[in-house]
$ cat run_0.cif   # mmCIF, C-alpha atoms
data_query
#
loop_
_atom_site.label_atom_id
_atom_site.label_comp_id
_atom_site.auth_asym_id
_atom_site.auth_seq_id
_atom_site.Cartn_x
_atom_site.Cartn_y
_atom_site.Cartn_z
CA MET B 1 -106.21 97.24 -51.58
CA LYS B 2 -108.28 100.01 -50.10
CA ILE B 3 -112.01 100.23 -50.72
CA ASP B 4 -112.64 103.94 -50.91
CA ARG B 5 -115.45 106.09 -52.23
CA ARG B 6 -114.17 105.97 -55.80
CA SER B 7 -113.92 102.20 -56.00
CA PHE B 8 -117.34 101.82 -54.40
CA LEU B 9 -118.86 104.17 -56.97
CA SER B 10 -117.20 102.36 -59.84
CA PHE B 11 -118.57 99.06 -58.47
CA VAL B 12 -122.08 100.55 -58.44
CA ILE B 13 -121.70 101.96 -61.97
CA GLY B 14 -120.39 98.61 -63.22
CA GLY B 15 -123.37 96.91 -61.57
CA ALA B 16 -125.83 99.33 -63.17
CA ALA B 17 -124.25 98.87 -66.61
CA GLY B 18 -124.32 95.09 -66.20
CA THR B 19 -127.95 95.06 -65.04
CA ALA B 20 -128.99 97.02 -68.12
CA LEU B 21 -127.42 94.27 -70.23
CA THR B 22 -129.52 91.55 -68.56
CA PRO B 23 -133.26 90.85 -69.05
CA LEU B 24 -133.86 91.53 -65.34
CA PRO B 25 -135.27 95.11 -65.51
CA TRP B 26 -137.42 94.42 -68.59
CA LYS B 27 -138.76 91.12 -67.28
CA LEU B 28 -139.54 92.61 -63.86
CA THR B 29 -141.32 95.55 -65.49
CA ASP B 30 -143.50 93.15 -67.46
CA ASP B 31 -144.23 90.96 -64.44
CA PHE B 32 -145.11 93.86 -62.17
CA ALA B 33 -147.38 95.27 -64.88
CA ILE B 34 -149.25 91.96 -64.94
CA TRP B 35 -149.26 91.75 -61.15
CA SER B 36 -150.79 95.23 -60.88
CA GLN B 37 -153.66 94.17 -63.16
CA ASN B 38 -154.57 91.07 -61.21
CA TRP B 39 -155.61 92.27 -57.78
CA PRO B 40 -157.51 89.64 -55.81
CA TRP B 41 -160.56 91.93 -55.59
CA THR B 42 -160.85 92.37 -59.37
CA PRO B 43 -163.94 90.45 -60.45
CA VAL B 44 -163.13 87.78 -63.02
CA PRO B 45 -165.35 84.99 -64.32
CA GLU B 46 -164.81 81.69 -62.60
CA LYS B 47 -162.69 79.13 -64.40
CA GLY B 48 -164.94 76.59 -66.05
CA GLU B 49 -166.48 75.37 -69.22
CA THR B 50 -167.84 77.97 -71.61
CA THR B 51 -171.23 77.45 -73.18
CA TYR B 52 -173.32 79.60 -75.50
CA VAL B 53 -177.06 80.24 -75.59
CA LYS B 54 -178.61 81.84 -78.68
CA SER B 55 -181.44 84.23 -77.89
CA THR B 56 -183.18 87.46 -78.83
CA CYS B 57 -182.42 90.67 -76.98
CA THR B 58 -185.46 92.13 -75.20
CA LEU B 59 -183.91 95.35 -73.94
CA CYS B 60 -185.53 97.33 -76.78
CA PRO B 61 -188.16 96.54 -79.41
CA GLY B 62 -185.44 95.98 -82.06
CA GLY B 63 -185.11 92.24 -81.48
CA CYS B 64 -181.40 91.69 -82.17
CA GLY B 65 -180.10 88.14 -82.27
CA ILE B 66 -177.68 87.59 -79.39
CA ASN B 67 -175.21 84.90 -78.48
CA VAL B 68 -174.84 84.73 -74.70
CA ARG B 69 -171.63 83.32 -73.29
CA LEU B 70 -171.90 81.50 -69.96
CA VAL B 71 -169.36 80.04 -67.58
CA GLY B 72 -171.39 77.44 -65.71
CA ASP B 73 -174.75 79.16 -65.09
CA ARG B 74 -173.30 82.65 -65.03
CA VAL B 75 -173.69 85.05 -67.97
CA VAL B 76 -170.33 86.62 -68.76
CA LYS B 77 -170.79 88.19 -72.20
CA ILE B 78 -173.44 89.10 -74.76
CA GLU B 79 -172.43 89.13 -78.41
CA GLY B 80 -174.39 89.64 -81.61
CA ILE B 81 -175.11 86.72 -83.93
CA LYS B 82 -173.28 86.97 -87.24
CA GLY B 83 -175.64 86.72 -90.21
CA HIS B 84 -178.73 87.60 -88.16
CA PRO B 85 -181.17 89.64 -90.34
CA VAL B 86 -181.56 92.40 -87.72
CA ASN B 87 -178.07 93.09 -86.42
CA ASP B 88 -175.61 90.84 -88.37
CA GLY B 89 -173.09 90.37 -85.56
CA GLY B 90 -173.42 93.82 -84.05
CA VAL B 91 -174.78 94.58 -80.63
CA CYS B 92 -175.57 98.01 -79.14
CA THR B 93 -174.28 99.37 -75.85
CA LEU B 94 -177.56 98.63 -74.09
CA GLY B 95 -177.49 95.01 -75.26
CA LEU B 96 -173.81 94.79 -74.34
CA SER B 97 -174.58 95.89 -70.78
CA GLY B 98 -177.13 93.08 -70.38
CA PRO B 99 -174.99 91.15 -67.84
CA GLN B 100 -174.65 94.30 -65.69
CA LEU B 101 -178.43 94.83 -65.80
CA LEU B 102 -178.90 91.20 -64.87
CA TYR B 103 -176.50 91.09 -61.92
CA GLY B 104 -175.94 94.76 -61.03
CA PRO B 105 -177.01 95.99 -57.58
CA ILE B 106 -178.96 98.94 -59.09
CA GLY B 107 -181.60 96.76 -60.73
CA CYS B 108 -185.17 96.92 -59.40
CA ASN B 109 -185.79 94.30 -56.77
CA PRO B 110 -188.73 92.02 -57.43
CA PRO B 111 -191.64 92.12 -54.97
CA ARG B 112 -190.69 90.24 -51.83
CA ARG B 113 -194.25 89.67 -50.54
CA LYS B 114 -197.56 89.02 -52.23
CA MET S 1 -104.36 124.31 -37.05
CA SER S 2 -102.91 127.10 -39.17
CA THR S 3 -103.39 127.43 -42.89
CA GLU S 4 -99.76 126.53 -43.44
CA ASP S 5 -100.16 123.26 -41.54
CA LYS S 6 -103.20 122.34 -43.61
CA ALA S 7 -101.35 123.01 -46.84
CA ASN S 8 -98.47 120.81 -45.68
CA GLU S 9 -100.88 118.00 -44.82
CA ILE S 10 -102.54 118.11 -48.23
CA SER S 11 -99.20 117.99 -50.04
CA ALA S 12 -98.13 115.06 -47.86
CA GLU S 13 -101.31 113.17 -48.85
CA ALA S 14 -100.62 113.87 -52.50
CA GLN S 15 -97.09 112.50 -52.08
CA ASP S 16 -98.49 109.34 -50.46
CA GLN S 17 -100.78 108.76 -53.41
CA GLU S 18 -97.97 109.24 -55.90
CA GLN S 19 -95.84 106.73 -54.01
CA ALA S 20 -98.58 104.15 -54.14
CA GLY S 21 -97.99 103.80 -57.91
CA PRO S 22 -100.39 103.68 -60.84
CA GLY S 23 -101.59 100.08 -60.23
CA GLN S 24 -102.86 100.78 -56.74
CA GLY S 25 -104.00 104.36 -57.17
CA ALA S 26 -106.60 105.90 -59.39
CA GLY S 27 -106.59 103.47 -62.35
CA GLY S 28 -106.24 99.90 -61.05
CA PRO S 29 -108.82 99.19 -58.35
CA ILE S 30 -111.39 101.43 -59.98
CA THR S 31 -111.35 99.39 -63.21
CA LEU S 32 -111.27 96.22 -61.14
CA PHE S 33 -114.30 97.25 -59.12
CA PHE S 34 -116.14 98.28 -62.28
CA ILE S 35 -115.53 94.84 -63.79
CA LEU S 36 -116.52 93.17 -60.52
CA GLY S 37 -119.83 95.07 -60.51
CA LEU S 38 -120.39 94.35 -64.20
CA VAL S 39 -119.71 90.62 -63.98
CA GLY S 40 -121.64 90.30 -60.70
CA SER S 41 -124.76 91.91 -62.09
CA LEU S 42 -124.54 89.90 -65.33
CA VAL S 43 -124.42 86.65 -63.34
CA LEU S 44 -127.27 87.89 -61.17
CA GLY S 45 -129.47 88.86 -64.13
CA TRP S 46 -128.86 85.89 -66.41
CA VAL S 47 -128.33 83.00 -63.97
CA ILE S 48 -129.63 83.73 -60.46
CA PHE S 49 -132.66 85.88 -61.34
CA PRO S 50 -134.52 83.24 -63.45
CA GLN S 51 -133.97 80.68 -60.68
CA LEU S 52 -135.42 83.00 -58.08
CA LEU S 53 -138.31 84.18 -60.27
CA TYR S 54 -139.92 80.81 -60.95
CA SER S 55 -141.20 78.24 -58.49
CA HIS S 56 -140.96 74.58 -59.46
CA LYS S 57 -143.81 72.14 -59.03
CA GLU S 58 -144.06 68.53 -60.17
CA GLN S 59 -147.20 67.31 -61.95
CA PRO S 60 -149.38 65.04 -59.80
CA ILE S 61 -148.79 62.10 -62.17
CA GLN S 62 -145.96 61.58 -64.64
CA PHE S 63 -147.70 61.14 -67.98
CA ASN S 64 -146.08 59.53 -71.01
CA HIS S 65 -147.43 61.09 -74.23
CA VAL S 66 -145.40 58.80 -76.54
CA LEU S 67 -146.80 55.63 -74.95
CA HIS S 68 -150.39 56.89 -75.21
CA ASN S 69 -149.92 58.14 -78.75
CA GLN S 70 -148.99 54.60 -79.81
CA GLU S 71 -152.16 53.15 -78.27
CA VAL S 72 -154.68 55.57 -79.77
CA GLU S 73 -155.78 56.08 -83.36
CA ASP S 74 -156.58 59.78 -83.82
CA GLY S 75 -153.37 61.30 -82.44
CA CYS S 76 -153.82 64.30 -80.15
CA GLU S 77 -157.56 64.45 -80.83
CA SER S 78 -158.15 61.02 -79.30
CA CYS S 79 -157.96 62.55 -75.82
CA HIS S 80 -157.88 66.31 -76.51
CA PHE S 81 -161.00 66.27 -78.64
CA PHE S 82 -163.66 68.65 -79.89
CA ARG S 83 -167.21 68.10 -78.71
CA GLU S 84 -170.08 68.04 -81.19
CA ASP S 85 -170.98 71.67 -80.48
CA GLY S 86 -167.43 72.74 -81.37
CA THR S 87 -166.20 73.35 -77.82
CA TYR S 88 -162.81 71.95 -76.91
CA SER S 89 -162.33 69.42 -74.13
CA GLY S 90 -158.82 70.60 -73.19
CA VAL S 91 -157.01 68.48 -70.64
CA PRO S 92 -158.88 65.15 -70.39
CA LYS S 93 -161.19 64.66 -67.45
CA LEU S 94 -161.09 61.57 -65.27
CA ALA S 95 -164.15 60.13 -67.06
CA GLN S 96 -162.15 59.86 -70.29
CA CYS S 97 -159.15 58.21 -68.64
CA ILE S 98 -161.46 55.67 -66.97
CA ASP S 99 -162.56 54.44 -70.42
CA CYS S 100 -159.26 52.52 -70.51
CA HIS S 101 -157.83 52.79 -66.98
CA GLU S 102 -160.63 51.27 -64.93
CA GLU S 103 -157.96 49.08 -63.43
CA VAL S 104 -154.18 48.97 -63.70
CA LEU S 105 -153.22 47.98 -67.27
CA GLY S 106 -149.44 48.04 -67.31
CA GLU S 107 -146.57 47.75 -64.88
CA SER S 108 -145.83 51.45 -64.53
CA GLU S 109 -145.68 52.78 -60.96
CA GLU S 110 -147.18 56.07 -62.06
CA GLU S 111 -150.19 54.29 -63.55
CA ALA S 112 -150.72 52.33 -60.34
CA LYS S 113 -150.54 55.61 -58.41
CA PHE S 114 -153.05 57.16 -60.82
CA VAL S 115 -155.53 54.30 -60.49
CA ASN S 116 -155.24 54.03 -56.70
CA GLN S 117 -155.28 57.71 -55.86
CA TYR S 118 -157.63 59.11 -58.47
CA VAL S 119 -159.64 56.46 -60.34
CA LEU S 120 -160.68 54.36 -57.34
CA LYS S 121 -161.43 57.47 -55.27
CA GLY S 122 -163.22 59.23 -58.14
CA ARG S 123 -161.04 62.34 -57.82
CA GLU S 124 -160.09 64.57 -60.75
CA VAL S 125 -156.34 64.85 -61.33
CA PRO S 126 -155.24 68.44 -60.55
CA TRP S 127 -153.11 68.81 -63.70
CA LEU S 128 -151.03 71.96 -63.89
CA VAL S 129 -151.70 73.49 -67.31
CA TYR S 130 -148.52 74.94 -68.84
CA SER S 131 -150.35 77.00 -71.46
CA ARG S 132 -153.14 78.49 -69.31
CA GLN S 133 -153.89 82.01 -70.53
CA PRO S 134 -155.03 84.79 -68.17
CA ASP S 135 -158.72 85.57 -67.62
CA CYS S 136 -158.65 88.60 -69.91
CA VAL S 137 -157.97 86.40 -72.94
CA PHE S 138 -160.70 84.61 -74.84
CA PHE S 139 -159.27 81.73 -76.81
CA SER S 140 -161.20 79.31 -79.00
CA HIS S 141 -159.43 76.14 -80.10
CA VAL S 142 -162.01 75.38 -82.78
CA ALA S 143 -161.38 78.74 -84.48
CA HIS S 144 -157.68 77.97 -84.76
CA VAL S 145 -157.59 74.23 -85.39
CA LYS S 146 -160.73 73.68 -87.50
CA MET S 147 -161.27 77.05 -89.15
CA GLY S 148 -157.64 78.23 -89.22
CA GLN S 149 -156.26 74.76 -90.11
CA MET S 150 -153.41 75.08 -87.61
CA ASP S 151 -151.47 72.18 -86.13
CA CYS S 152 -151.27 71.58 -82.38
CA VAL S 153 -147.47 71.81 -82.70
CA THR S 154 -147.54 75.42 -83.95
CA CYS S 155 -148.42 76.69 -80.48
CA HIS S 156 -147.76 73.76 -78.14
CA GLY S 157 -144.54 72.34 -79.60
CA ASP S 158 -143.69 68.66 -79.50
CA VAL S 159 -145.58 67.86 -76.27
CA GLY S 160 -146.92 64.75 -78.00
CA GLU S 161 -143.38 63.37 -78.25
CA SER S 162 -142.53 63.78 -74.58
CA GLU S 163 -142.05 60.73 -72.39
CA SER S 164 -142.42 62.61 -69.12
CA LEU S 165 -143.92 65.90 -67.99
CA LYS S 166 -141.50 68.70 -67.19
CA PRO S 167 -141.89 70.50 -63.85
CA TYR S 168 -144.48 73.27 -63.89
CA GLU S 169 -142.80 76.61 -63.31
CA ALA S 170 -144.95 79.46 -62.04
CA ASN S 171 -143.85 83.08 -62.03
CA ARG S 172 -143.72 84.21 -58.40
CA ILE S 173 -144.80 87.77 -59.25
CA SER S 174 -147.50 87.38 -61.91
CA GLY S 175 -148.51 83.77 -61.16
CA TYR S 176 -148.36 82.86 -64.86
CA SER S 177 -146.81 79.68 -66.19
CA ARG S 178 -143.27 80.04 -67.51
CA ASP S 179 -144.40 78.82 -70.94
CA ILE S 180 -146.28 82.09 -71.49
CA TRP S 181 -143.09 84.19 -71.41
CA GLY S 182 -141.04 81.28 -72.74
CA LYS S 183 -138.11 79.32 -71.38
CA ASN S 184 -135.64 81.95 -72.60
CA ILE S 185 -135.45 84.61 -69.90
CA ALA S 186 -134.59 87.27 -72.51
CA GLY S 187 -137.85 86.44 -74.30
CA ILE S 188 -136.12 85.51 -77.55
CA LYS S 189 -137.98 82.89 -79.53
CA PHE S 190 -136.61 80.50 -82.09
CA ASN S 191 -139.77 78.47 -82.80
CA SER S 192 -143.41 79.49 -83.05
CA TRP S 193 -144.17 77.49 -79.87
CA ASP S 194 -141.50 79.07 -77.67
CA ARG S 195 -143.69 81.89 -76.37
CA MET S 196 -147.44 82.47 -75.81
CA LYS S 197 -147.67 86.16 -75.04
CA MET S 198 -149.93 88.65 -76.77
CA ASP S 199 -147.30 89.70 -79.32
CA ASP S 200 -146.94 86.08 -80.39
CA CYS S 201 -150.68 85.77 -81.04
CA SER S 202 -150.86 89.11 -82.82
CA GLU S 203 -147.84 88.30 -84.99
CA CYS S 204 -149.91 85.58 -86.67
CA HIS S 205 -153.15 87.59 -86.57
CA VAL S 206 -151.53 90.50 -88.37
CA ARG S 207 -149.90 88.21 -90.93
CA ASN S 208 -153.18 86.45 -91.72
CA ASN S 209 -155.23 89.64 -91.40
CA VAL S 210 -157.59 88.27 -88.74
CA ASN S 211 -160.24 90.97 -88.09
CA GLN S 212 -157.57 93.66 -88.18
CA GLY S 213 -159.84 96.61 -88.98
CA SER S 214 -161.20 97.45 -85.55
CA VAL S 215 -163.97 100.07 -85.72
CA GLN S 216 -163.06 101.46 -82.31
CA THR S 217 -159.30 101.82 -82.58
CA LEU S 218 -158.79 101.74 -86.38
CA ARG S 219 -155.79 99.51 -85.59
CA GLY S 220 -155.43 95.84 -84.68
CA GLY S 221 -158.52 94.02 -83.59
CA CYS S 222 -158.27 94.03 -79.77
CA PHE S 223 -161.72 92.51 -79.41
CA VAL S 224 -160.82 89.36 -81.31
CA CYS S 225 -159.31 88.00 -78.08
CA HIS S 226 -160.14 90.54 -75.36
CA LYS S 227 -163.89 90.20 -75.40
#
$ encode --input "run_0.cif" --output "structure tokens"
Amino acid sequence: MKIDRRSFLSFVIGGAAGTALTPLPWKLTDDFAIWSQNWPWTPVPEKGETTYVKSTCTLCPGGCGINVRLVGDRVVKIEGIKGHPVNDGGVCTLGLSGPQLLYGPIGCNPPRRK
Amino acid sequence: MSTEDKANEISAEAQDQEQAGPGQGAGGPITLFFILGLVGSLVLGWVIFPQLLYSHKEQPIQFNHVLHNQEVEDGCESCHFFREDGTYSGVPKLAQCIDCHEEVLGESEEEAKFVNQYVLKGREVPWLVYSRQPDCVFFSHVAHVKMGQMDCVTCHGDVGESESLKPYEANRISGYSRDIWGKNIAGIKFNSWDRMKMDDCSECHVRNNVNQGSVQTLRGGCFVCHK
């Protein structure tokens, strides 16, 4: 039996048809999509126990009730308190960006020397 | 070489091919090679690929759920309990195990290993969690078990009836546990606990209309879990 161009091509076409009938391309697409979203330099909260602290937002005079989610000592999310007379679960964009204001590098530095 | 010679050569080649017969010529090997490629890639995709994709890792200690379930009173919640503030304890910490296992109780080798290597040294057991969700997912057990009245089995299957822990399989590309995609490499599920991907959560959320009217997207409520 001679392996010529035609038989090689038919082997490749058979392989392509077979691959399309396996989960391989779809599963790899899914896995690479996940892989591309989890770069090591993407900041993610540390794994740990989640706790909540109820408080009042001071970023404007409104006084919304907020529920602050922490992992360890680190604030990871600010949510509104459901049923609160001011905001009833809602929270505005300024309140939502509280963690960024708290940890962001653009915040004003406190005085270093008296 | 003259044109005539070339023409003679071509006709000679054509005669050769005709002599070779139909089985050896155009039809036979081509179909054979097509089938070879087809079967080869099917074996690769269904059998070899899943074996290459997942790494196998044994749990640090072989744990017997059946044995423990017989000894405790509250079923799953005896060890996987809710704290008073509603947070969920998840996989038990060493402090809970020590309540009973301060010293070796039975004759099991695994228990002796557990007591000697972890209890006496005060080290936490590095359990490999099969159902660990990625960082982008917020999941609250209390919302599902207490408020939603769901059973553990609906998502976790019959873990409570297992006598040993299966090997932990991690996806080599995404790093996720195999239980998230499910054992079936094609992603087909037969039971509610076979898969733990987003579609499986949203299937139930859509059915029970859990915060479906998102203000931002006017579609499903993304921010129920991605918050």
$ interface_residues --input "run_0.cif" --of "chain B" --to "chain S" --cutoff "6 Å" --atoms "only C-alpha atoms" --output "PDB file with C-alpha atoms, in the frame of the given file"
ATOM      1  CA  SER B   7    -113.920 102.200 -56.000  1.00  0.00           C
ATOM      2  CA  SER B  10    -117.200 102.360 -59.840  1.00  0.00           C
ATOM      3  CA  PHE B  11    -118.570  99.060 -58.470  1.00  0.00           C
ATOM      4  CA  GLY B  14    -120.390  98.610 -63.220  1.00  0.00           C
ATOM      5  CA  GLY B  15    -123.370  96.910 -61.570  1.00  0.00           C
ATOM      6  CA  GLY B  18    -124.320  95.090 -66.200  1.00  0.00           C
ATOM      7  CA  THR B  19    -127.950  95.060 -65.040  1.00  0.00           C
ATOM      8  CA  THR B  22    -129.520  91.550 -68.560  1.00  0.00           C
ATOM      9  CA  PRO B  23    -133.260  90.850 -69.050  1.00  0.00           C
ATOM     10  CA  LEU B  24    -133.860  91.530 -65.340  1.00  0.00           C
ATOM     11  CA  ASP B  31    -144.230  90.960 -64.440  1.00  0.00           C
ATOM     12  CA  ILE B  34    -149.250  91.960 -64.940  1.00  0.00           C
ATOM     13  CA  TRP B  35    -149.260  91.750 -61.150  1.00  0.00           C
TER      14      TRP B  35
END
$ closest_atom_pairs --input "run_0.cif" --of "stretch 113-226 of chain S" --to "stretch 73-79 of chain S" --cutoff "10 Å" --atoms "only C-alpha atoms" --output "CSV"
residue,atom,partner,partner_atom,distance
S:Cys152,CA,S:Cys76,CA,8.0
S:Val159,CA,S:Cys76,CA,9.8
S:Gly160,CA,S:Cys76,CA,7.2
$ atom_distance --input "run_0.cif" --atom1 "atom CA of S:Ser202" --atom2 "atom CA of S:Lys189"
14.7 Å
$ atom_distance --input "run_0.cif" --atom1 "atom CA of B:Leu101" --atom2 "atom CA of S:Phe138"
22.4 Å
$ resolve_selection --input "run_0.cif" --expression "the PyMOL selection byres ((chain S and resi 132) around 9)" --output "mmCIF file with C-alpha atoms, in the coordinates of the input"
data_model
loop_
_atom_site.group_PDB
_atom_site.id
_atom_site.type_symbol
_atom_site.label_atom_id
_atom_site.label_comp_id
_atom_site.auth_asym_id
_atom_site.auth_seq_id
_atom_site.Cartn_x
_atom_site.Cartn_y
_atom_site.Cartn_z
ATOM 1 C CA LEU S 128 -151.030 71.960 -63.890
ATOM 2 C CA VAL S 129 -151.700 73.490 -67.310
ATOM 3 C CA TYR S 130 -148.520 74.940 -68.840
ATOM 4 C CA SER S 131 -150.350 77.000 -71.460
ATOM 5 C CA GLN S 133 -153.890 82.010 -70.530
ATOM 6 C CA PRO S 134 -155.030 84.790 -68.170
ATOM 7 C CA TYR S 176 -148.360 82.860 -64.860
ATOM 8 C CA SER S 177 -146.810 79.680 -66.190
ATOM 9 C CA ASP S 179 -144.400 78.820 -70.940
ATOM 10 C CA ILE S 180 -146.280 82.090 -71.490
#
$ decode --input "run_0.cif" --residues "stretch 32-102 of chain S" --atoms "C-alpha atoms" --output "mmCIF file, in the first residue's frame"
data_model
loop_
_atom_site.group_PDB
_atom_site.id
_atom_site.type_symbol
_atom_site.label_atom_id
_atom_site.label_comp_id
_atom_site.auth_asym_id
_atom_site.auth_seq_id
_atom_site.Cartn_x
_atom_site.Cartn_y
_atom_site.Cartn_z
ATOM 1 C CA LEU S 32 -9.254 3.208 4.709
ATOM 2 C CA PHE S 33 -7.186 6.248 5.622
ATOM 3 C CA PHE S 34 -10.339 8.295 6.212
ATOM 4 C CA ILE S 35 -11.626 5.659 8.637
ATOM 5 C CA LEU S 36 -8.209 5.438 10.298
ATOM 6 C CA GLY S 37 -8.193 9.211 10.869
ATOM 7 C CA LEU S 38 -11.803 9.158 12.071
ATOM 8 C CA VAL S 39 -11.344 6.306 14.544
ATOM 9 C CA GLY S 40 -7.977 7.655 15.725
ATOM 10 C CA SER S 41 -9.353 11.086 16.521
ATOM 11 C CA LEU S 42 -12.446 9.627 18.207
ATOM 12 C CA VAL S 43 -10.240 7.538 20.507
ATOM 13 C CA LEU S 44 -8.045 10.568 21.138
ATOM 14 C CA GLY S 45 -10.977 12.853 21.977
ATOM 15 C CA TRP S 46 -13.065 10.499 24.108
ATOM 16 C CA VAL S 47 -10.445 8.319 25.833
ATOM 17 C CA ILE S 48 -6.947 9.832 25.788
ATOM 18 C CA PHE S 49 -7.857 13.539 26.063
ATOM 19 C CA PRO S 50 -9.696 13.321 29.445
ATOM 20 C CA GLN S 51 -6.777 11.331 30.879
ATOM 21 C CA LEU S 52 -4.296 13.953 29.758
ATOM 22 C CA LEU S 53 -6.440 16.918 30.807
ATOM 23 C CA TYR S 54 -6.814 16.074 34.491
ATOM 24 C CA SER S 55 -4.131 15.512 37.093
ATOM 25 C CA HIS S 56 -4.849 13.029 39.874
ATOM 26 C CA LYS S 57 -4.134 13.757 43.510
ATOM 27 C CA GLU S 58 -5.003 11.690 46.573
ATOM 28 C CA GLN S 59 -6.563 13.367 49.616
ATOM 29 C CA PRO S 60 -4.167 13.691 52.573
ATOM 30 C CA ILE S 61 -6.344 11.373 54.692
ATOM 31 C CA GLN S 62 -8.885 8.803 53.537
ATOM 32 C CA PHE S 63 -12.115 9.853 55.227
ATOM 33 C CA ASN S 64 -15.087 7.544 55.726
ATOM 34 C CA HIS S 65 -18.353 9.522 55.603
ATOM 35 C CA VAL S 66 -20.568 6.485 56.318
ATOM 36 C CA LEU S 67 -18.711 5.630 59.523
ATOM 37 C CA HIS S 68 -18.907 9.219 60.796
ATOM 38 C CA ASN S 69 -22.550 9.584 59.812
ATOM 39 C CA GLN S 70 -23.389 6.639 62.083
ATOM 40 C CA GLU S 71 -21.629 8.247 65.057
ATOM 41 C CA VAL S 72 -23.190 11.708 64.854
ATOM 42 C CA GLU S 73 -26.755 12.837 65.427
ATOM 43 C CA ASP S 74 -27.448 15.756 63.075
ATOM 44 C CA GLY S 75 -26.315 14.206 59.789
ATOM 45 C CA CYS S 76 -24.222 16.457 57.541
ATOM 46 C CA GLU S 77 -24.758 19.462 59.797
ATOM 47 C CA SER S 78 -22.967 17.818 62.719
ATOM 48 C CA CYS S 79 -19.615 18.659 61.122
ATOM 49 C CA HIS S 80 -20.572 20.927 58.200
ATOM 50 C CA PHE S 81 -22.572 23.314 60.340
ATOM 51 C CA PHE S 82 -23.877 26.863 60.228
ATOM 52 C CA ARG S 83 -22.523 29.317 62.765
ATOM 53 C CA GLU S 84 -24.871 31.499 64.799
ATOM 54 C CA ASP S 85 -24.390 34.474 62.466
ATOM 55 C CA GLY S 86 -25.488 32.347 59.500
ATOM 56 C CA THR S 87 -22.050 31.799 57.974
ATOM 57 C CA TYR S 88 -21.180 28.290 56.895
ATOM 58 C CA SER S 89 -18.241 26.377 58.345
ATOM 59 C CA GLY S 90 -17.536 24.371 55.171
ATOM 60 C CA VAL S 91 -14.910 21.669 55.487
ATOM 61 C CA PRO S 92 -14.350 21.072 59.229
ATOM 62 C CA LYS S 93 -11.292 22.610 60.806
ATOM 63 C CA LEU S 94 -8.909 20.635 62.983
ATOM 64 C CA ALA S 95 -10.462 22.118 66.148
ATOM 65 C CA GLN S 96 -13.748 20.344 65.376
ATOM 66 C CA CYS S 97 -12.105 16.989 64.675
ATOM 67 C CA ILE S 98 -10.166 17.236 67.954
ATOM 68 C CA ASP S 99 -13.472 17.290 69.873
ATOM 69 C CA CYS S 100 -13.556 13.506 69.327
ATOM 70 C CA HIS S 101 -10.120 12.606 67.945
ATOM 71 C CA GLU S 102 -7.853 13.876 70.707
#
